[in-house]
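*Asks:* This is final-v2.cif (mmCIF, C-alpha atoms).
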```cif
data_coords
loop_
_atom_site.label_atom_id
_atom_site.label_comp_id
_atom_site.auth_asym_id
_atom_site.auth_seq_id
_atom_site.Cartn_x
_atom_site.Cartn_y
_atom_site.Cartn_z
CA MET V 1 68.07 -108.95 70.20
CA VAL V 2 70.32 -111.73 71.43
CA LEU V 3 69.03 -111.14 74.95
CA TYR V 4 65.44 -111.57 73.89
CA ILE V 5 66.22 -114.82 72.14
CA LEU V 6 68.08 -116.17 75.19
CA CYS V 7 65.18 -115.22 77.44
CA PHE V 8 62.82 -116.98 75.09
CA GLY V 9 65.13 -120.00 75.22
CA LEU V 10 64.63 -120.19 78.99
CA PHE V 11 60.88 -120.06 78.39
CA LEU V 12 61.16 -122.93 75.91
CA ILE V 13 63.09 -125.07 78.39
CA GLY V 14 60.22 -124.58 80.82
CA ILE V 15 57.71 -125.69 78.22
CA TYR V 16 59.88 -128.71 77.34
CA GLY V 17 59.82 -129.78 80.97
CA LEU V 18 56.05 -129.33 81.06
CA LEU V 19 55.58 -131.53 77.98
CA THR V 20 57.91 -134.42 78.63
CA LYS V 21 58.38 -134.96 82.33
CA LYS V 22 56.40 -137.56 84.23
CA ASN V 23 57.37 -136.60 87.74
CA LEU V 24 54.86 -134.22 89.26
CA ILE V 25 57.50 -132.22 91.10
CA LYS V 26 59.41 -131.66 87.84
CA ILE V 27 56.23 -130.27 86.30
CA ILE V 28 55.89 -127.79 89.15
CA ILE V 29 59.55 -126.78 88.69
CA SER V 30 58.92 -126.20 84.97
CA LEU V 31 56.03 -123.87 85.78
CA ASN V 32 58.40 -121.88 87.99
CA LEU V 33 60.93 -121.65 85.13
CA ILE V 34 58.27 -120.33 82.77
CA SER V 35 57.39 -117.68 85.32
CA TYR V 36 61.05 -116.62 85.70
CA ALA V 37 61.39 -116.20 81.95
CA VAL V 38 58.27 -114.06 81.63
CA ASN V 39 59.23 -111.78 84.52
CA LEU V 40 62.72 -111.29 83.12
CA PHE V 41 61.27 -110.42 79.73
CA PHE V 42 59.15 -107.65 81.25
CA ILE V 43 62.13 -106.08 82.97
CA LEU V 44 64.31 -106.40 79.87
CA ILE V 45 61.82 -104.38 77.88
CA ALA V 46 61.64 -101.69 80.53
CA TYR V 47 65.35 -100.91 80.64
CA ARG V 48 66.90 -97.66 79.41
CA ARG V 49 70.53 -97.13 78.53
CA ASP V 50 72.41 -95.58 81.49
CA GLY V 51 69.26 -95.51 83.54
CA VAL V 52 68.95 -95.33 87.30
CA ALA V 53 66.46 -96.93 89.64
CA PRO V 54 63.18 -95.03 90.05
CA LEU V 55 63.84 -93.78 93.57
CA PHE V 56 64.40 -90.27 94.87
CA GLU V 57 67.06 -89.82 97.54
CA THR V 58 68.65 -86.81 99.17
CA GLY V 59 71.75 -85.82 97.29
CA LYS V 60 71.07 -87.79 94.14
CA VAL V 61 70.73 -85.77 90.99
CA VAL V 62 68.28 -86.93 88.38
CA GLY V 63 68.15 -85.40 84.93
CA ALA V 64 65.60 -82.78 84.03
CA HIS V 65 62.05 -84.18 84.00
CA GLY V 66 63.44 -87.46 85.36
CA GLN V 67 64.87 -88.42 82.02
CA ASN V 68 67.33 -90.89 83.38
CA MET V 69 65.03 -93.33 85.12
CA VAL V 70 64.13 -96.77 83.95
CA ASP V 71 60.48 -97.45 83.43
CA PRO V 72 58.78 -97.95 86.82
CA LEU V 73 55.52 -99.39 85.57
CA PRO V 74 56.56 -102.97 84.72
CA GLN V 75 58.46 -103.24 87.99
CA GLY V 76 55.24 -102.72 89.91
CA LEU V 77 53.49 -105.36 87.84
CA VAL V 78 56.22 -107.97 88.20
CA SER V 79 56.56 -107.35 91.93
CA THR V 80 53.09 -108.68 92.61
CA ALA V 81 53.37 -111.39 89.97
CA VAL V 82 56.24 -113.03 91.86
CA ILE V 83 54.18 -113.34 95.03
CA ILE V 84 51.19 -114.68 93.14
CA GLU V 85 53.53 -117.33 91.74
CA LEU V 86 54.52 -118.28 95.29
CA ALA V 87 50.88 -118.74 96.34
CA LEU V 88 50.31 -120.84 93.22
CA THR V 89 53.30 -123.06 94.04
CA VAL V 90 52.02 -123.63 97.57
CA LEU V 91 48.64 -124.63 96.14
CA LEU V 92 50.22 -127.03 93.64
CA VAL V 93 52.45 -128.63 96.28
CA SER V 94 49.43 -129.24 98.49
CA LEU V 95 47.67 -130.94 95.57
CA ALA V 96 50.77 -133.04 94.89
CA LEU V 97 50.98 -134.14 98.52
CA ARG V 98 47.32 -135.12 98.46
CA ILE V 99 47.95 -137.19 95.34
CA TYR V 100 50.95 -138.85 96.98
CA GLU V 101 48.87 -139.72 100.00
CA LYS V 102 46.24 -141.38 97.85
CA TYR V 103 48.26 -143.18 95.18
CA GLY V 104 51.69 -143.59 96.73
CA THR V 105 53.58 -142.24 93.74
CA PHE V 106 54.31 -139.01 91.89
CA ASP V 107 54.14 -140.60 88.45
CA ILE V 108 51.40 -139.06 86.36
CA THR V 109 50.97 -142.07 84.09
CA LYS V 110 49.99 -144.25 87.03
CA LEU V 111 47.20 -141.95 88.14
CA ARG V 112 44.74 -143.33 85.64
CA ARG V 113 44.93 -146.98 86.56
CA LEU V 114 44.40 -146.94 90.28
CA LYS V 115 41.05 -145.90 91.57
CA GLY V 116 41.40 -144.66 95.09
CA MET W 117 53.12 -140.33 113.72
CA GLU W 118 54.97 -138.32 116.36
CA LYS W 119 58.47 -139.00 115.20
CA LYS W 120 58.81 -136.09 112.80
CA ASN W 121 57.27 -133.53 115.07
CA GLU W 122 60.01 -132.34 117.34
CA GLY W 123 61.80 -130.17 114.83
CA MET W 124 65.49 -130.13 114.26
CA THR W 125 68.62 -130.44 116.39
CA LEU W 126 69.65 -128.14 119.21
CA ILE W 127 72.09 -126.08 117.15
CA VAL W 128 69.40 -125.23 114.60
CA LYS W 129 66.94 -124.34 117.32
CA THR W 130 69.35 -122.01 119.10
CA THR W 131 70.32 -120.23 115.89
CA ALA W 132 66.70 -119.83 114.83
CA ARG W 133 65.77 -118.43 118.21
CA LEU W 134 68.52 -115.82 118.02
CA THR W 135 67.92 -114.63 114.46
CA ALA W 136 64.12 -114.62 114.34
CA TRP W 137 63.73 -111.23 115.99
CA PHE W 138 66.22 -109.54 113.66
CA ILE W 139 64.44 -110.83 110.58
CA LEU W 140 61.11 -109.68 111.97
CA LEU W 141 62.58 -106.24 112.67
CA TYR W 142 63.90 -105.98 109.14
CA GLY W 143 60.48 -106.97 107.82
CA PHE W 144 58.78 -104.22 109.81
CA TYR W 145 61.40 -101.75 108.61
CA LEU W 146 60.71 -102.64 104.98
CA VAL W 147 56.96 -102.31 105.46
CA ILE W 148 57.02 -98.95 107.20
CA HIS W 149 59.69 -97.34 104.99
CA GLY W 150 58.05 -98.59 101.83
CA HIS W 151 57.44 -95.17 100.41
CA LEU W 152 60.93 -93.81 101.08
CA ALA W 153 63.26 -96.56 99.92
CA SER W 154 62.72 -99.75 98.00
CA GLY W 155 60.59 -102.28 99.78
CA GLY W 156 56.95 -101.83 100.41
CA GLY W 157 54.17 -104.07 101.54
CA PHE W 158 55.02 -107.12 99.47
CA ALA W 159 58.72 -107.41 100.23
CA GLY W 160 58.18 -106.62 103.91
CA GLY W 161 55.34 -109.09 104.14
CA LEU W 162 57.55 -111.81 102.71
CA MET W 163 60.23 -111.09 105.32
CA ILE W 164 57.69 -111.34 108.16
CA ALA W 165 56.50 -114.65 106.71
CA LEU W 166 60.10 -115.84 106.47
CA ALA W 167 60.81 -115.08 110.12
CA MET W 168 57.81 -117.09 111.30
CA ILE W 169 58.27 -119.94 108.82
CA HIS W 170 61.86 -120.60 109.79
CA LEU W 171 60.82 -120.79 113.42
CA LEU W 172 58.11 -123.26 112.43
CA LEU W 173 60.52 -125.46 110.52
CA ALA W 174 63.12 -125.42 113.29
CA TYR W 175 60.87 -126.10 116.25
CA GLY W 176 58.17 -128.37 114.89
CA ARG W 177 54.48 -127.82 114.75
CA ASP W 178 53.46 -128.76 118.31
CA TYR W 179 55.72 -126.29 120.05
CA ILE W 180 54.76 -123.42 117.78
CA ARG W 181 51.06 -124.13 118.06
CA ARG W 182 51.23 -123.58 121.80
CA ARG W 183 53.08 -120.29 121.40
CA ILE W 184 51.43 -118.71 118.36
CA ASN W 185 47.76 -119.39 118.08
CA PRO W 186 46.68 -119.99 114.46
CA GLU W 187 43.18 -118.71 115.09
CA TRP W 188 44.44 -115.28 116.09
CA ILE W 189 46.79 -115.17 113.12
CA GLN W 190 43.88 -115.86 110.78
CA LYS W 191 41.82 -113.11 112.36
CA LEU W 192 44.72 -110.64 112.06
CA MET W 193 45.24 -111.54 108.43
CA ALA W 194 41.59 -111.12 107.55
CA SER W 195 41.50 -107.76 109.30
CA GLY W 196 44.40 -106.68 107.08
CA VAL W 197 42.33 -107.18 103.97
CA ALA W 198 39.31 -105.57 105.59
CA ALA W 199 41.37 -102.51 106.56
CA PHE W 200 42.52 -102.16 102.96
CA LEU W 201 38.90 -102.12 101.80
CA LEU W 202 38.00 -99.70 104.58
CA VAL W 203 40.64 -97.20 103.44
CA GLY W 204 39.21 -97.28 99.95
CA TRP W 205 35.68 -96.89 101.14
CA LEU W 206 36.66 -93.95 103.34
CA GLY W 207 38.21 -92.35 100.30
CA LEU W 208 34.88 -92.70 98.56
CA LEU W 209 33.05 -91.27 101.54
CA ILE W 210 35.19 -88.20 102.08
CA THR W 211 35.80 -87.20 98.50
CA GLY W 212 33.83 -88.43 95.55
CA LYS W 213 36.27 -90.98 94.16
CA LEU W 214 37.20 -94.49 95.25
CA PHE W 215 40.64 -94.83 96.86
CA LEU W 216 41.53 -91.19 96.55
CA ASN W 217 44.58 -90.25 98.58
CA PHE W 218 42.82 -88.14 101.15
CA LEU W 219 45.28 -87.86 104.04
CA ALA W 220 47.69 -84.96 104.17
CA LYS W 221 50.93 -85.29 102.29
CA GLY W 222 53.57 -84.07 104.70
CA HIS W 223 57.16 -83.14 104.03
CA PHE W 224 58.96 -85.05 101.37
CA LEU W 225 61.23 -87.87 102.61
CA LYS W 226 59.80 -88.07 106.11
CA ILE W 227 57.91 -91.08 107.39
CA LEU W 228 54.54 -89.39 107.69
CA SER W 229 54.40 -88.41 104.04
CA GLY W 230 52.50 -89.78 101.15
CA GLY W 231 48.97 -89.74 102.47
CA THR W 232 47.41 -93.17 102.62
CA ILE W 233 50.44 -94.96 101.20
CA PRO W 234 52.02 -96.05 104.55
CA VAL W 235 48.63 -97.19 105.82
CA ILE W 236 48.02 -99.38 102.80
CA ASN W 237 51.60 -100.71 103.02
CA VAL W 238 50.96 -101.90 106.59
CA CYS W 239 47.68 -103.56 105.56
CA ILE W 240 49.31 -105.38 102.67
CA GLY W 241 52.29 -106.39 104.80
CA LEU W 242 50.01 -107.97 107.41
CA ASN W 243 47.93 -109.65 104.78
CA VAL W 244 50.65 -111.20 102.62
CA GLY W 245 52.99 -112.15 105.42
CA LEU W 246 50.49 -113.89 107.66
CA LEU W 247 48.78 -115.52 104.69
CA LEU W 248 51.93 -117.30 103.58
CA TYR W 249 52.64 -118.37 107.16
CA ILE W 250 49.14 -119.88 107.45
CA GLY W 251 49.65 -121.72 104.14
CA PHE W 252 52.90 -123.27 105.40
CA TYR W 253 51.44 -124.09 108.80
CA TYR W 254 48.59 -126.10 107.37
CA LEU W 255 50.93 -127.75 104.87
CA VAL W 256 53.14 -128.97 107.73
CA GLU W 257 50.10 -130.12 109.68
CA PHE W 258 48.76 -131.99 106.65
CA ARG W 259 52.11 -133.59 106.15
CA ILE W 260 52.17 -134.88 109.72
CA GLN W 261 48.75 -136.41 109.65
CA GLY W 262 49.23 -137.91 106.23
CA ARG W 263 50.62 -141.21 107.42
CA MET D 264 78.18 -101.96 76.94
CA PRO D 265 78.92 -104.03 80.02
CA VAL D 266 75.24 -104.42 80.92
CA ASP D 267 74.63 -106.48 77.78
CA ILE D 268 77.52 -108.78 78.55
CA TRP D 269 76.52 -109.24 82.19
CA ILE D 270 72.93 -110.08 81.33
CA SER D 271 73.99 -112.45 78.55
CA GLY D 272 76.33 -114.25 80.93
CA LEU D 273 73.64 -114.55 83.58
CA LEU D 274 71.15 -115.82 81.03
CA ILE D 275 73.54 -118.51 79.85
CA VAL D 276 74.07 -119.60 83.47
CA MET D 277 70.29 -119.70 83.89
CA ILE D 278 69.76 -121.81 80.78
CA VAL D 279 72.43 -124.32 81.77
CA GLY D 280 71.01 -124.45 85.28
CA ALA D 281 67.50 -124.98 84.01
CA ALA D 282 68.56 -127.82 81.72
CA LEU D 283 70.46 -129.49 84.59
CA CYS D 284 67.54 -128.96 86.93
CA LEU D 285 65.19 -130.92 84.73
CA GLU D 286 67.53 -133.79 83.97
CA ILE D 287 68.78 -134.68 87.43
CA LYS D 288 66.83 -137.52 88.96
CA ASP D 289 67.02 -136.52 92.61
CA ILE D 290 64.27 -134.11 93.68
CA LEU D 291 66.19 -132.24 96.36
CA SER D 292 69.16 -131.57 94.08
CA SER D 293 66.94 -130.23 91.34
CA ILE D 294 65.23 -127.81 93.71
CA ILE D 295 68.61 -126.60 94.95
CA ILE D 296 69.67 -125.94 91.36
CA LEU D 297 66.39 -124.09 90.88
CA GLY D 298 67.57 -121.93 93.76
CA MET D 299 70.74 -121.18 91.81
CA VAL D 300 68.68 -120.14 88.80
CA GLY D 301 66.64 -117.84 91.01
CA LEU D 302 69.78 -116.28 92.47
CA SER D 303 71.09 -115.42 88.99
CA LEU D 304 67.68 -113.97 88.19
CA SER D 305 67.89 -111.82 91.31
CA LEU D 306 71.34 -110.58 90.21
CA ALA D 307 69.95 -109.80 86.78
CA PHE D 308 67.18 -107.74 88.35
CA LEU D 309 69.78 -105.83 90.36
CA ILE D 310 71.85 -105.05 87.27
CA LEU D 311 68.72 -103.90 85.44
CA GLN D 312 68.11 -101.28 88.18
CA ALA D 313 65.17 -102.92 89.95
CA PRO D 314 66.21 -103.29 93.63
CA ASP D 315 62.69 -103.89 94.90
CA LEU D 316 62.30 -106.89 92.65
CA ALA D 317 65.71 -108.33 93.51
CA LEU D 318 64.68 -108.44 97.17
CA VAL D 319 61.35 -110.11 96.45
CA GLN D 320 62.89 -112.72 94.15
CA PHE D 321 65.61 -113.56 96.67
CA ILE D 322 63.15 -114.21 99.48
CA TYR D 323 60.95 -116.21 97.10
CA GLU D 324 63.88 -118.54 96.49
CA ILE D 325 64.38 -119.13 100.21
CA LEU D 326 60.71 -119.96 100.65
CA ILE D 327 60.84 -122.44 97.75
CA LEU D 328 63.60 -124.27 99.60
CA GLY D 329 61.34 -124.37 102.66
CA LEU D 330 58.67 -126.00 100.49
CA ALA D 331 61.23 -128.51 99.29
CA PHE D 332 61.94 -129.44 102.87
CA VAL D 333 58.25 -130.10 103.48
CA ILE D 334 58.05 -132.25 100.33
CA MET D 335 61.11 -134.29 101.21
CA ASN D 336 59.75 -135.10 104.65
CA THR D 337 56.59 -136.55 103.19
CA LEU D 338 58.15 -139.13 100.94
CA LYS D 339 58.48 -142.68 102.16
CA PRO D 340 62.11 -143.60 102.68
CA THR D 341 62.27 -146.64 100.44
CA SER D 342 60.39 -146.39 97.23
CA ASP D 343 61.13 -146.16 93.56
CA HIS D 344 59.58 -142.76 93.01
CA MET D 345 62.86 -141.55 91.57
CA ALA D 346 63.16 -144.10 88.77
CA PHE D 347 61.26 -142.68 85.85
CA THR D 348 61.98 -143.65 82.29
CA ASP D 349 60.96 -140.87 79.95
CA SER D 350 59.88 -142.02 76.53
CA LEU D 351 62.06 -141.04 73.60
CA PRO D 352 59.37 -140.37 70.95
CA ARG D 353 57.73 -137.92 73.30
CA LYS D 354 61.01 -136.04 73.73
CA VAL D 355 61.70 -135.87 70.00
CA ASN D 356 58.16 -134.65 69.40
CA ALA D 357 58.53 -131.94 72.01
CA VAL D 358 61.87 -130.73 70.62
CA PHE D 359 60.38 -130.57 67.12
CA ILE D 360 57.40 -128.48 68.28
CA LEU D 361 59.69 -126.17 70.26
CA LEU D 362 61.94 -125.57 67.25
CA ILE D 363 58.91 -124.56 65.23
CA ILE D 364 57.86 -122.15 67.98
CA LEU D 365 61.38 -120.68 68.19
CA SER D 366 61.59 -120.04 64.47
CA THR D 367 58.22 -118.30 64.51
CA ALA D 368 59.19 -116.24 67.53
CA TYR D 369 62.33 -114.97 65.80
CA PHE D 370 60.20 -112.98 63.39
CA ALA D 371 58.13 -111.55 66.23
CA LEU D 372 61.14 -110.62 68.38
CA ARG D 373 62.71 -108.80 65.46
CA GLU D 374 59.97 -106.19 65.59
CA LEU D 375 60.71 -105.16 69.17
CA PRO D 376 62.83 -102.04 69.72
CA ALA D 377 66.48 -102.63 70.46
CA PHE D 378 67.53 -103.35 74.00
CA GLY D 379 67.92 -100.15 76.01
CA ILE D 380 65.82 -97.84 73.89
CA HIS D 381 62.46 -97.42 75.51
CA GLN D 382 59.81 -94.85 74.79
CA LEU D 383 58.30 -93.86 78.11
CA SER D 384 54.92 -93.10 76.64
CA VAL D 385 52.69 -94.09 79.52
CA SER D 386 55.18 -93.55 82.32
CA GLN D 387 56.20 -90.06 81.23
CA HIS D 388 53.50 -88.57 83.39
CA TYR D 389 54.38 -90.83 86.31
CA VAL D 390 58.08 -90.04 86.21
CA THR D 391 57.77 -86.27 85.89
CA LEU D 392 54.84 -85.55 88.20
CA GLY D 393 54.74 -88.63 90.43
CA ALA D 394 56.73 -87.31 93.35
CA LYS D 395 54.73 -84.11 93.55
CA GLU D 396 51.30 -85.62 93.30
CA THR D 397 51.73 -88.65 95.54
CA GLY D 398 54.38 -87.39 97.94
CA ALA D 399 56.22 -90.70 97.90
CA ALA D 400 59.94 -90.91 97.23
CA ASN D 401 59.67 -94.49 95.97
CA LEU D 402 58.02 -94.16 92.59
CA ILE D 403 57.04 -97.82 92.39
CA ALA D 404 55.13 -97.55 95.67
CA GLY D 405 53.58 -94.36 94.38
CA ILE D 406 52.37 -96.07 91.24
CA THR D 407 51.11 -99.29 92.78
CA LEU D 408 49.51 -97.63 95.78
CA ASP D 409 48.24 -94.34 94.44
CA TYR D 410 47.79 -94.29 90.72
CA ARG D 411 46.90 -97.96 90.33
CA VAL D 412 45.72 -98.98 93.75
CA TYR D 413 42.63 -100.75 92.44
CA ASP D 414 44.84 -103.29 90.65
CA THR D 415 46.78 -103.85 93.86
CA LEU D 416 43.53 -104.59 95.67
CA GLY D 417 42.72 -107.18 93.00
CA GLU D 418 46.12 -108.80 93.37
CA ALA D 419 45.82 -108.97 97.16
CA ILE D 420 42.50 -110.76 96.71
CA ILE D 421 44.05 -113.18 94.20
CA ILE D 422 46.75 -114.19 96.69
CA PHE D 423 44.10 -114.62 99.36
CA THR D 424 42.00 -116.87 97.12
CA GLY D 425 44.98 -118.95 96.06
CA ILE D 426 46.00 -119.84 99.59
CA LEU D 427 42.37 -120.44 100.54
CA GLY D 428 42.14 -122.97 97.71
CA GLY D 429 45.23 -124.69 99.08
CA LEU D 430 43.69 -124.84 102.54
CA THR D 431 40.53 -126.38 101.14
CA VAL D 432 42.53 -129.22 99.59
CA MET D 433 44.38 -129.91 102.82
CA ARG D 434 41.35 -130.18 105.01
CA LYS D 435 40.76 -133.33 107.02
CA ILE D 436 37.75 -135.21 105.76
CA GLY D 437 35.40 -135.91 108.63
CA LYS D 438 36.38 -136.01 112.25
CA GLU D 439 39.17 -138.39 113.05
#
```
Written as structure tokens, that's how I'd like the structure from this file.
*Replies:*
Amino acid sequence: MVLYILCFGLFLIGIYGLLTKKNLIKIIISLNLISYAVNLFFILIAYRRDGVAPLFETGKVVGAHGQNMVDPLPQGLVSTAVIIELALTVLLVSLALRIYEKYGTFDITKLRRLKG
Amino acid sequence: MEKKNEGMTLIVKTTARLTAWFILLYGFYLVIHGHLASGGGFAGGLMIALAMIHLLLAYGRDYIRRRINPEWIQKLMASGVAAFLLVGWLGLLITGKLFLNFLAKGHFLKILSGGTIPVINVCIGLNVGLLLYIGFYYLVEFRIQGR
Amino acid sequence: MPVDIWISGLLIVMIVGAALCLEIKDILSSIIILGMVGLSLSLAFLILQAPDLALVQFIYEILILGLAFVIMNTLKPTSDHMAFTDSLPRKVNAVFILLIILSTAYFALRELPAFGIHQLSVSQHYVTLGAKETGAANLIAGITLDYRVYDTLGEAIIIFTGILGGLTVMRKIGKE
């Protein structure tokens, strides 16, 4: 229970950065923090007490019917979500560099006044 | 406009040149052994991208463009996605269902086991790795011509 | 249980790192602290028995530092892009809204099962019969590439489209 609240606290810090920061790079960093919090929450839900990783190896003994493994399904989901987040960050950085080329600043409040 | 193009100092270039092949080898290992140990197409693809990106950052864009042609990299990446679709379509053709695992499942814990899983791992590894390298390459090129 | 204490410790490090990362004015320092947050996340994944994910997260952090290098080389050397004054009413407003969200979320998070007790309702079939039906020793690869390969195709196409969108933005306009 405490762990879920701490994980949600990380998510809220990301949203705070998204709401209050004016620097465009800080907004991109806040989006990354939100993504970290959500991925960690998925893996926290999927954990079992005294569980092992869902891999079979020679010489490793798993309980009957694989009772000791942690849940493998969210790990597959999160594994692709991390790489999609990387592609999204590359896209956002390219947009930010284009804005910097046109306006000369990263400040989002100055983007309304200049017409480039 | 040419002053940021030559890459970094000599020490960085020598170190990058020595370690790039090891990182690439580890990336191929992760891709091919994806169904036996942890790894798979996505992690291996990221390692392949990392090997090529750190060469790009160390040597500068001009030198790398002469050695590694971006047009061929784009064709290879697109063929990775096309091969993925082809495997699915072949599964539909041979049996009645899309993406059915139609190759033979060999012995457990050998490389040639798991049917179509190693084939799809290689396709995804090519796709993801080269895609991220292309994204970085055009970002560096945009950055240079932005002045 | 030591796992609880480890994960709580790592989460507190992450929260402190995230708060520092947003408050520091220098861009390069804040991205390096973001790298520290990602490293603790990778350790947390390793403790929670997900080695595949720990590898992916670690390499993701290295590539974010590469992006930071590209950003820092673009900026003009002398400019006042670092001096931002954030407005205080906006901050107080944001903290107030976030406290409301946190108090509402407490009632939702109370309904979740306790940490460590997980009913494998959907994955029961995957865990017991996965190795026999797919022939793969890595169950995660068996799930994402045999049972749910159509979703993996969709995700590969999403990554493709994302980077293509980035390339469209970076195109030179006209011939120069």
*Asks:* Counting all atoms listed in the file, which residues from chain V have an atom at most 6 Å from any atom of chain D, and could you show them as number ranges by chain?
*Replies:* V: 10, 47-49, 53-56, 65-66, 72, 76, 79, 84, 87, 91
*Asks:* Could you save those same residues with C-alpha atoms as a PDB file, keeping the file's coordinate frame?
*Replies:*
```pdb
ATOM      1  CA  LEU V  10      64.630-120.190  78.990  1.00  0.00           C
ATOM      2  CA  TYR V  47      65.350-100.910  80.640  1.00  0.00           C
ATOM      3  CA  ARG V  48      66.900 -97.660  79.410  1.00  0.00           C
ATOM      4  CA  ARG V  49      70.530 -97.130  78.530  1.00  0.00           C
ATOM      5  CA  ALA V  53      66.460 -96.930  89.640  1.00  0.00           C
ATOM      6  CA  PRO V  54      63.180 -95.030  90.050  1.00  0.00           C
ATOM      7  CA  LEU V  55      63.840 -93.780  93.570  1.00  0.00           C
ATOM      8  CA  PHE V  56      64.400 -90.270  94.870  1.00  0.00           C
ATOM      9  CA  HIS V  65      62.050 -84.180  84.000  1.00  0.00           C
ATOM     10  CA  GLY V  66      63.440 -87.460  85.360  1.00  0.00           C
ATOM     11  CA  PRO V  72      58.780 -97.950  86.820  1.00  0.00           C
ATOM     12  CA  GLY V  76      55.240-102.720  89.910  1.00  0.00           C
ATOM     13  CA  SER V  79      56.560-107.350  91.930  1.00  0.00           C
ATOM     14  CA  ILE V  84      51.190-114.680  93.140  1.00  0.00           C
ATOM     15  CA  ALA V  87      50.880-118.740  96.340  1.00  0.00           C
ATOM     16  CA  LEU V  91      48.640-124.630  96.140  1.00  0.00           C
TER      17      LEU V  91
END
```
*Asks:* Apply the PyMOL selection byres ((chain W) within 6 of (chain D)) to the displayed file and report the matching residues as number ranges by chain.
*Replies:* W: 151-155, 159, 221, 230
*Asks:* Any idea what the distance is between CA of Gly157 (chain W) and CA of Gly417 (chain D)?
*Replies:*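 Result for CA of Gly157 (chain W) versus CA of Gly417 (chain D): 14.6 Å, one decimal.
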*Asks:* Between V:Ile27, V:Val38, V:Leu111, V:Val93, which residue has the minimum interatomic distance to chain W, considering all atoms listed in the file?
*Replies:*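 The shortest atom-to-atom distance to chain W comes from V:Val93.
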*Asks:* Work out how far apart CA of Leu77 (chain V) and CA of Leu40 (chain V) are and give it in Å to one decimal.
*Replies:*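 Interatomic distance, CA of Leu77 (chain V) to CA of Leu40 (chain V): 11.9 Å.
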*Asks:* Could you work out how far CA of Phe158 (chain W) lies from CA of Thr80 (chain V), giving the answer in Å with one decimal?
*Replies:*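 The value is 7.3 Å.
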*Asks:* With only C-alpha atoms as the atoms that count, which of D:Gly393, D:Ser303, D:Leu283, D:Met335 lies nearest to Gly17 (chain V)?
*Replies:*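 The answer is D:Leu283, which sits nearest to Gly17 (chain V).
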*Asks:* Of the candidates W:Leu208, W:Val197, W:Leu162, W:Val128, which one gets nearest to chain V if we count only C-alpha atoms?
*Replies:*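 For chain V, the nearest of the given residues is W:Leu162.
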*Asks:* May I have the protein, DNA and RNA residues with any atom at most 12 Å from the point (69.1, -114.5, 67.7), counting only C-alpha atoms, written as a ChimeraX atom specification?
*Replies:* /V:1-9 /D:365-373
*Asks:* Within 12 Å of (56.9, -129.7, 89.0) (coordinates as in the file), grab all the protein and nucleic acid residues, counting only C-alpha atoms, and write them out as an MDAnalysis selection string.
*Replies:* (chainID V and resid 14:15 17:34 88:90 92:93 95:96 106:108) or (chainID D and resid 284:285 290 293:294 297 331 334)
*Asks:* On this file, the PyMOL selection byres ((chain W and resi 166) around 8) gives some set of residues; write that set as a count of residues only.
*Replies:* 12
*Asks:* I need the output of the PyMOL selection byres ((chain W and resi 124) around 8) for this file as JSON, numbers by chain; which residues are they?
*Replies:* {"W": [122, 123, 125, 126, 128, 129, 173, 174, 175, 176]}
